[in-house]
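This is entry-v9.txt. It holds compact mmCIF, N, CA and C atoms.
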# COMPACT_ATOMS: atom_id res chain seq x y z
N SER A 779 -19.53 58.07 69.54
CA SER A 779 -20.43 57.11 68.95
C SER A 779 -21.51 56.68 69.94
N ASP A 780 -21.10 56.36 71.17
CA ASP A 780 -22.09 55.97 72.18
C ASP A 780 -23.01 57.14 72.53
N LYS A 781 -22.43 58.33 72.55
CA LYS A 781 -23.22 59.52 72.87
C LYS A 781 -24.25 59.77 71.76
N ALA A 782 -23.85 59.60 70.52
CA ALA A 782 -24.77 59.80 69.40
C ALA A 782 -25.86 58.74 69.41
N CYS A 783 -25.50 57.50 69.71
CA CYS A 783 -26.47 56.41 69.76
C CYS A 783 -27.47 56.66 70.90
N GLY A 784 -26.97 57.07 72.06
CA GLY A 784 -27.84 57.37 73.18
C GLY A 784 -28.78 58.53 72.89
N SER A 785 -28.26 59.54 72.22
CA SER A 785 -29.10 60.69 71.85
C SER A 785 -30.19 60.26 70.87
N LEU A 786 -29.84 59.41 69.93
CA LEU A 786 -30.82 58.92 68.97
C LEU A 786 -31.92 58.10 69.65
N ILE A 787 -31.52 57.23 70.57
CA ILE A 787 -32.50 56.42 71.30
C ILE A 787 -33.41 57.32 72.14
N LEU A 788 -32.84 58.33 72.78
CA LEU A 788 -33.64 59.28 73.57
C LEU A 788 -34.61 60.04 72.68
N LEU A 789 -34.15 60.47 71.52
CA LEU A 789 -35.02 61.20 70.59
C LEU A 789 -36.16 60.32 70.09
N VAL A 790 -35.87 59.09 69.73
CA VAL A 790 -36.90 58.17 69.25
C VAL A 790 -37.91 57.89 70.36
N GLY A 791 -37.43 57.70 71.57
CA GLY A 791 -38.34 57.47 72.69
C GLY A 791 -39.22 58.67 72.98
N ALA A 792 -38.65 59.86 72.90
CA ALA A 792 -39.43 61.08 73.14
C ALA A 792 -40.49 61.28 72.07
N VAL A 793 -40.13 61.04 70.82
CA VAL A 793 -41.09 61.18 69.72
C VAL A 793 -42.21 60.15 69.85
N ALA A 794 -41.86 58.91 70.19
CA ALA A 794 -42.87 57.86 70.36
C ALA A 794 -43.81 58.21 71.52
N PHE A 795 -43.25 58.72 72.61
CA PHE A 795 -44.07 59.10 73.76
C PHE A 795 -45.01 60.25 73.39
N LEU A 796 -44.51 61.23 72.69
CA LEU A 796 -45.33 62.36 72.28
C LEU A 796 -46.44 61.91 71.33
N TYR A 797 -46.11 61.09 70.36
CA TYR A 797 -47.10 60.57 69.41
C TYR A 797 -48.19 59.80 70.14
N TYR A 798 -47.80 58.89 71.04
CA TYR A 798 -48.77 58.09 71.77
C TYR A 798 -49.64 58.95 72.68
N THR A 799 -49.03 59.95 73.33
CA THR A 799 -49.78 60.83 74.21
C THR A 799 -50.82 61.63 73.44
N ILE A 800 -50.43 62.15 72.30
CA ILE A 800 -51.39 62.88 71.46
C ILE A 800 -52.49 61.95 70.99
N TRP A 801 -52.11 60.74 70.59
CA TRP A 801 -53.05 59.75 70.08
C TRP A 801 -54.11 59.40 71.13
N THR A 802 -53.66 59.18 72.37
CA THR A 802 -54.60 58.70 73.39
C THR A 802 -55.30 59.82 74.16
N LEU A 803 -54.65 60.96 74.33
CA LEU A 803 -55.23 62.01 75.17
C LEU A 803 -55.85 63.16 74.40
N LEU A 804 -55.29 63.51 73.25
CA LEU A 804 -55.78 64.66 72.52
C LEU A 804 -56.88 64.32 71.52
N LEU A 805 -56.79 63.17 70.89
CA LEU A 805 -57.78 62.82 69.86
C LEU A 805 -59.22 62.75 70.39
N PRO A 806 -59.46 62.24 71.59
CA PRO A 806 -60.85 62.23 72.05
C PRO A 806 -61.44 63.63 72.22
N ILE A 807 -60.61 64.61 72.43
CA ILE A 807 -61.08 65.98 72.61
C ILE A 807 -61.44 66.62 71.27
N LEU A 808 -60.71 66.25 70.24
CA LEU A 808 -60.93 66.84 68.92
C LEU A 808 -62.19 66.28 68.26
N ASP A 809 -62.79 67.10 67.42
CA ASP A 809 -63.97 66.69 66.67
C ASP A 809 -63.58 65.60 65.66
N ASN A 810 -64.48 64.66 65.39
CA ASN A 810 -64.18 63.56 64.46
C ASN A 810 -63.92 64.04 63.05
N SER A 811 -64.38 65.23 62.68
CA SER A 811 -64.13 65.75 61.34
C SER A 811 -62.77 66.43 61.22
N SER A 812 -62.02 66.48 62.31
CA SER A 812 -60.70 67.12 62.29
C SER A 812 -59.74 66.32 61.41
N PRO A 813 -58.92 67.01 60.62
CA PRO A 813 -57.96 66.29 59.77
C PRO A 813 -56.85 65.60 60.56
N VAL A 814 -56.71 65.94 61.82
CA VAL A 814 -55.68 65.30 62.66
C VAL A 814 -55.97 63.81 62.84
N HIS A 815 -57.24 63.43 62.81
CA HIS A 815 -57.61 62.02 62.98
C HIS A 815 -57.04 61.14 61.86
N ALA A 816 -56.74 61.71 60.73
CA ALA A 816 -56.18 60.94 59.62
C ALA A 816 -54.73 60.53 59.88
N TRP A 817 -54.06 61.19 60.83
CA TRP A 817 -52.65 60.91 61.11
C TRP A 817 -52.45 59.74 62.06
N PHE A 818 -53.52 59.25 62.66
CA PHE A 818 -53.41 58.23 63.69
C PHE A 818 -54.29 57.03 63.35
N PRO A 819 -53.88 55.83 63.77
CA PRO A 819 -54.74 54.65 63.59
C PRO A 819 -55.95 54.72 64.51
N SER A 820 -56.80 53.72 64.41
CA SER A 820 -57.99 53.64 65.25
C SER A 820 -57.59 53.59 66.73
N ARG A 821 -58.46 54.11 67.59
CA ARG A 821 -58.13 54.19 69.02
C ARG A 821 -58.00 52.81 69.66
N GLU A 822 -58.63 51.79 69.09
CA GLU A 822 -58.51 50.46 69.68
C GLU A 822 -57.07 49.96 69.65
N TRP A 823 -56.30 50.43 68.67
CA TRP A 823 -54.89 50.05 68.57
C TRP A 823 -54.05 50.72 69.65
N ALA A 824 -54.57 51.78 70.27
CA ALA A 824 -53.86 52.44 71.36
C ALA A 824 -53.73 51.51 72.57
N LEU A 825 -54.59 50.51 72.66
CA LEU A 825 -54.48 49.51 73.72
C LEU A 825 -53.84 48.22 73.23
N ARG A 826 -54.13 47.87 71.99
CA ARG A 826 -53.59 46.60 71.47
C ARG A 826 -52.06 46.63 71.33
N ILE A 827 -51.52 47.71 70.82
CA ILE A 827 -50.07 47.78 70.59
C ILE A 827 -49.29 47.70 71.90
N PRO A 828 -49.60 48.51 72.92
CA PRO A 828 -48.86 48.36 74.18
C PRO A 828 -49.07 47.00 74.83
N ALA A 829 -50.27 46.44 74.74
CA ALA A 829 -50.51 45.11 75.31
C ALA A 829 -49.65 44.07 74.61
N PHE A 830 -49.53 44.17 73.29
CA PHE A 830 -48.68 43.24 72.54
C PHE A 830 -47.22 43.40 72.94
N ILE A 831 -46.78 44.64 73.11
CA ILE A 831 -45.39 44.89 73.51
C ILE A 831 -45.12 44.32 74.90
N VAL A 832 -46.07 44.46 75.82
CA VAL A 832 -45.89 43.91 77.17
C VAL A 832 -45.82 42.39 77.11
N VAL A 833 -46.72 41.76 76.36
CA VAL A 833 -46.70 40.29 76.24
C VAL A 833 -45.40 39.83 75.60
N LEU A 834 -44.94 40.53 74.58
CA LEU A 834 -43.69 40.17 73.93
C LEU A 834 -42.51 40.32 74.89
N GLY A 835 -42.48 41.40 75.65
CA GLY A 835 -41.40 41.61 76.61
C GLY A 835 -41.40 40.57 77.72
N MET A 836 -42.58 40.24 78.25
CA MET A 836 -42.66 39.23 79.30
C MET A 836 -42.25 37.86 78.76
N SER A 837 -42.61 37.58 77.52
CA SER A 837 -42.20 36.31 76.90
C SER A 837 -40.69 36.25 76.73
N ALA A 838 -40.09 37.36 76.33
CA ALA A 838 -38.64 37.40 76.18
C ALA A 838 -37.94 37.20 77.53
N ILE A 839 -38.47 37.82 78.57
CA ILE A 839 -37.88 37.65 79.90
C ILE A 839 -38.02 36.19 80.36
N GLY A 840 -39.20 35.61 80.16
CA GLY A 840 -39.41 34.22 80.52
C GLY A 840 -38.51 33.27 79.75
N LEU A 841 -38.34 33.54 78.46
CA LEU A 841 -37.45 32.72 77.64
C LEU A 841 -36.01 32.82 78.13
N PHE A 842 -35.58 34.05 78.43
CA PHE A 842 -34.22 34.26 78.92
C PHE A 842 -34.00 33.51 80.23
N LEU A 843 -34.94 33.64 81.17
CA LEU A 843 -34.79 32.96 82.45
C LEU A 843 -34.80 31.44 82.28
N GLY A 844 -35.67 30.93 81.42
CA GLY A 844 -35.71 29.50 81.18
C GLY A 844 -34.41 28.97 80.60
N VAL A 845 -33.86 29.69 79.65
CA VAL A 845 -32.58 29.27 79.05
C VAL A 845 -31.47 29.30 80.08
N ARG A 846 -31.44 30.33 80.91
CA ARG A 846 -30.40 30.44 81.95
C ARG A 846 -30.53 29.31 82.96
N ILE A 847 -31.74 28.96 83.36
CA ILE A 847 -31.94 27.87 84.33
C ILE A 847 -31.46 26.56 83.73
N ILE A 848 -31.81 26.30 82.49
CA ILE A 848 -31.38 25.06 81.83
C ILE A 848 -29.85 25.02 81.70
N GLN A 849 -29.25 26.15 81.33
CA GLN A 849 -27.79 26.20 81.20
C GLN A 849 -27.11 25.97 82.55
N ASP A 850 -27.65 26.55 83.61
CA ASP A 850 -27.05 26.37 84.94
C ASP A 850 -27.16 24.93 85.40
N GLU A 851 -28.30 24.30 85.17
CA GLU A 851 -28.46 22.90 85.55
C GLU A 851 -27.51 22.01 84.76
N TYR A 852 -27.34 22.30 83.48
CA TYR A 852 -26.42 21.52 82.66
C TYR A 852 -24.98 21.69 83.16
N ALA A 853 -24.62 22.91 83.51
CA ALA A 853 -23.26 23.16 84.02
C ALA A 853 -23.04 22.45 85.35
N GLU A 854 -24.06 22.43 86.21
CA GLU A 854 -23.93 21.73 87.49
C GLU A 854 -23.77 20.23 87.27
N LYS A 855 -24.50 19.65 86.33
CA LYS A 855 -24.37 18.23 86.03
C LYS A 855 -22.99 17.92 85.49
N GLN A 856 -22.48 18.78 84.63
CA GLN A 856 -21.13 18.58 84.07
C GLN A 856 -20.09 18.64 85.18
N ALA A 857 -20.25 19.59 86.11
CA ALA A 857 -19.29 19.71 87.21
C ALA A 857 -19.37 18.48 88.12
N ALA A 858 -20.57 17.97 88.37
CA ALA A 858 -20.72 16.78 89.21
C ALA A 858 -20.09 15.57 88.54
N ARG A 859 -20.23 15.44 87.23
CA ARG A 859 -19.62 14.31 86.51
C ARG A 859 -18.10 14.39 86.56
N SER A 860 -17.57 15.60 86.40
CA SER A 860 -16.12 15.73 86.41
C SER A 860 -15.56 15.46 87.82
N ARG A 861 -16.30 15.77 88.87
CA ARG A 861 -15.85 15.47 90.22
C ARG A 861 -15.88 13.97 90.50
N LYS A 862 -16.85 13.26 89.91
CA LYS A 862 -16.96 11.81 90.11
C LYS A 862 -15.78 11.09 89.45
N LYS A 863 -15.35 11.60 88.30
CA LYS A 863 -14.26 10.97 87.56
C LYS A 863 -12.93 11.12 88.31
N GLU A 864 -12.78 12.16 89.05
CA GLU A 864 -11.50 12.41 89.74
C GLU A 864 -11.33 11.60 90.97

Written form, structure tokens:
Amino acid sequence: SDKACGSLILLVGAVAFLYYTIWTLLLPILDNSSPVHAWFPSREWALRIPAFIVVLGMSAIGLFLGVRIIQDEYAEKQAARSRKKE
């Protein structure tokens, strides 16, 4: 099951990489009348989508770190209170 899941993730990543590479590197070489251009969004999205993913990822990391810091401070306060009571 883990092997199948890993293979699927690898396949999806490889297909996404190939699609993005063709989109950003091959399309500028092809003539605008080529039917291949119909398979891809506008080139401006080639920058917007990765930028959005980076911002989303950095926000998730920041949120995770913030939650962990707050949880650690709360745990330290609880431990200090329990030591005072004893």

Worksheet entry | Per-residue DSSP, chain A, filtered to alpha helix (DSSP H), as a PyMOL selection string | chain A and resi 780-799+823-863

Discussion item. Can you measure atom C of A:Trp801 to atom C of A:His815 for me? One decimal in Å is fine.
Written reply: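 These two atoms are separated by 9.9 Å.
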
Discussion item. Which residue is closest to A:Arg821? Choose from A:Ile839, A:Ser860, A:Ile847, A:Thr802 and count only N, CA and C atoms.
Written reply: A:Thr802

Worksheet item: What gap, in Å, lies between atom C of A:Ser812 and atom C of A:Thr799?
Response: 15.7 Å

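Relative to atom CA of A:Ile848, atom CA of A:Val832 is found at 24.2 Å.
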
Fill in: 12 Å contact set for A:Asn810, only C-alpha atoms, chain neighbours under 6 positions out, as a list in words
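So the residues in contact are Leu804, Ala816 and Ser820 of chain A.
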
Worksheet item: Restricting the calculation to all atoms listed in the file, which member of A:Ala824, A:Gly840, A:Arg846, A:Ala782 is positioned closest to A:Tyr798?
Response: A:Ala824

Keeping C-alpha atoms, write chain A of the structure just shown out as an mmCIF file, in the first residue's frame.
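Final output, part_11.cif:
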data_model
loop_
_atom_site.group_PDB
_atom_site.id
_atom_site.type_symbol
_atom_site.label_atom_id
_atom_site.label_comp_id
_atom_site.auth_asym_id
_atom_site.auth_seq_id
_atom_site.Cartn_x
_atom_site.Cartn_y
_atom_site.Cartn_z
ATOM 1 C CA SER A 779 0.000 0.000 0.000
ATOM 2 C CA ASP A 780 2.776 2.449 0.895
ATOM 3 C CA LYS A 781 4.700 1.425 -2.201
ATOM 4 C CA ALA A 782 1.656 2.020 -4.412
ATOM 5 C CA CYS A 783 0.988 5.395 -2.768
ATOM 6 C CA GLY A 784 4.627 6.427 -3.211
ATOM 7 C CA SER A 785 4.583 5.348 -6.842
ATOM 8 C CA LEU A 786 1.416 7.344 -7.444
ATOM 9 C CA ILE A 787 2.896 10.458 -5.825
ATOM 10 C CA LEU A 788 6.067 10.055 -7.912
ATOM 11 C CA LEU A 789 4.021 9.646 -11.091
ATOM 12 C CA VAL A 790 1.891 12.721 -10.360
ATOM 13 C CA GLY A 791 4.995 14.764 -9.594
ATOM 14 C CA ALA A 792 6.719 13.636 -12.790
ATOM 15 C CA VAL A 793 3.664 14.434 -14.920
ATOM 16 C CA ALA A 794 3.283 17.862 -13.282
ATOM 17 C CA PHE A 795 6.980 18.595 -13.844
ATOM 18 C CA LEU A 796 6.788 17.529 -17.479
ATOM 19 C CA TYR A 797 3.621 19.579 -18.083
ATOM 20 C CA TYR A 798 5.131 22.690 -16.467
ATOM 21 C CA THR A 799 8.422 22.269 -18.339
ATOM 22 C CA ILE A 800 6.654 21.999 -21.679
ATOM 23 C CA TRP A 801 4.434 24.948 -20.757
ATOM 24 C CA THR A 802 7.302 27.262 -19.835
ATOM 25 C CA LEU A 803 10.133 26.129 -22.112
ATOM 26 C CA LEU A 804 8.582 24.667 -25.250
ATOM 27 C CA LEU A 805 5.619 26.967 -25.888
ATOM 28 C CA PRO A 806 7.706 30.094 -26.555
ATOM 29 C CA ILE A 807 9.513 28.197 -29.315
ATOM 30 C CA LEU A 808 6.331 27.062 -31.031
ATOM 31 C CA ASP A 809 4.392 29.286 -33.412
ATOM 32 C CA ASN A 810 1.286 30.936 -31.898
ATOM 33 C CA SER A 811 -0.913 29.201 -34.486
ATOM 34 C CA SER A 812 0.179 25.782 -33.191
ATOM 35 C CA PRO A 813 -2.676 23.689 -31.760
ATOM 36 C CA VAL A 814 -0.463 22.834 -28.775
ATOM 37 C CA HIS A 815 -1.128 26.317 -27.359
ATOM 38 C CA ALA A 816 -4.756 25.309 -26.769
ATOM 39 C CA TRP A 817 -3.632 22.694 -24.211
ATOM 40 C CA PHE A 818 -2.051 25.205 -21.845
ATOM 41 C CA PRO A 819 -3.250 28.323 -19.978
ATOM 42 C CA SER A 820 -1.790 31.759 -20.613
ATOM 43 C CA ARG A 821 1.943 32.088 -19.916
ATOM 44 C CA GLU A 822 1.339 34.630 -17.149
ATOM 45 C CA TRP A 823 -0.115 31.790 -15.078
ATOM 46 C CA ALA A 824 3.226 29.982 -15.368
ATOM 47 C CA LEU A 825 4.504 32.496 -12.805
ATOM 48 C CA ARG A 826 1.342 33.130 -10.825
ATOM 49 C CA ILE A 827 0.648 29.493 -9.917
ATOM 50 C CA PRO A 828 4.123 28.692 -8.510
ATOM 51 C CA ALA A 829 4.211 32.046 -6.698
ATOM 52 C CA PHE A 830 0.845 31.258 -5.100
ATOM 53 C CA ILE A 831 2.060 27.789 -4.091
ATOM 54 C CA VAL A 832 5.199 29.277 -2.502
ATOM 55 C CA VAL A 833 3.170 31.873 -0.574
ATOM 56 C CA LEU A 834 0.735 29.187 0.560
ATOM 57 C CA GLY A 835 3.567 26.898 1.668
ATOM 58 C CA MET A 836 5.377 29.654 3.557
ATOM 59 C CA SER A 837 2.111 30.626 5.250
ATOM 60 C CA ALA A 838 1.530 27.024 6.297
ATOM 61 C CA ILE A 839 5.052 26.799 7.731
ATOM 62 C CA GLY A 840 4.589 30.095 9.586
ATOM 63 C CA LEU A 841 1.233 28.967 10.948
ATOM 64 C CA PHE A 842 2.705 25.654 12.098
ATOM 65 C CA LEU A 843 5.628 27.365 13.846
ATOM 66 C CA GLY A 844 3.334 29.914 15.486
ATOM 67 C CA VAL A 845 1.023 27.219 16.819
ATOM 68 C CA ARG A 846 3.973 25.198 18.141
ATOM 69 C CA ILE A 847 5.457 28.248 19.902
ATOM 70 C CA ILE A 848 2.122 29.058 21.545
ATOM 71 C CA GLN A 849 1.644 25.425 22.603
ATOM 72 C CA ASP A 850 5.155 25.257 24.078
ATOM 73 C CA GLU A 851 4.664 28.475 26.038
ATOM 74 C CA TYR A 852 1.334 27.211 27.352
ATOM 75 C CA ALA A 853 2.919 23.920 28.411
ATOM 76 C CA GLU A 854 5.749 25.768 30.180
ATOM 77 C CA LYS A 855 3.235 27.929 32.076
ATOM 78 C CA GLN A 856 1.267 24.841 33.096
ATOM 79 C CA ALA A 857 4.456 23.149 34.325
ATOM 80 C CA ALA A 858 5.451 26.259 36.297
ATOM 81 C CA ARG A 859 2.003 26.416 37.932
ATOM 82 C CA SER A 860 2.127 22.759 38.900
ATOM 83 C CA ARG A 861 5.595 23.231 40.452
ATOM 84 C CA LYS A 862 4.337 26.215 42.499
ATOM 85 C CA LYS A 863 1.459 24.164 43.906
ATOM 86 C CA GLU A 864 3.778 21.416 45.134
#
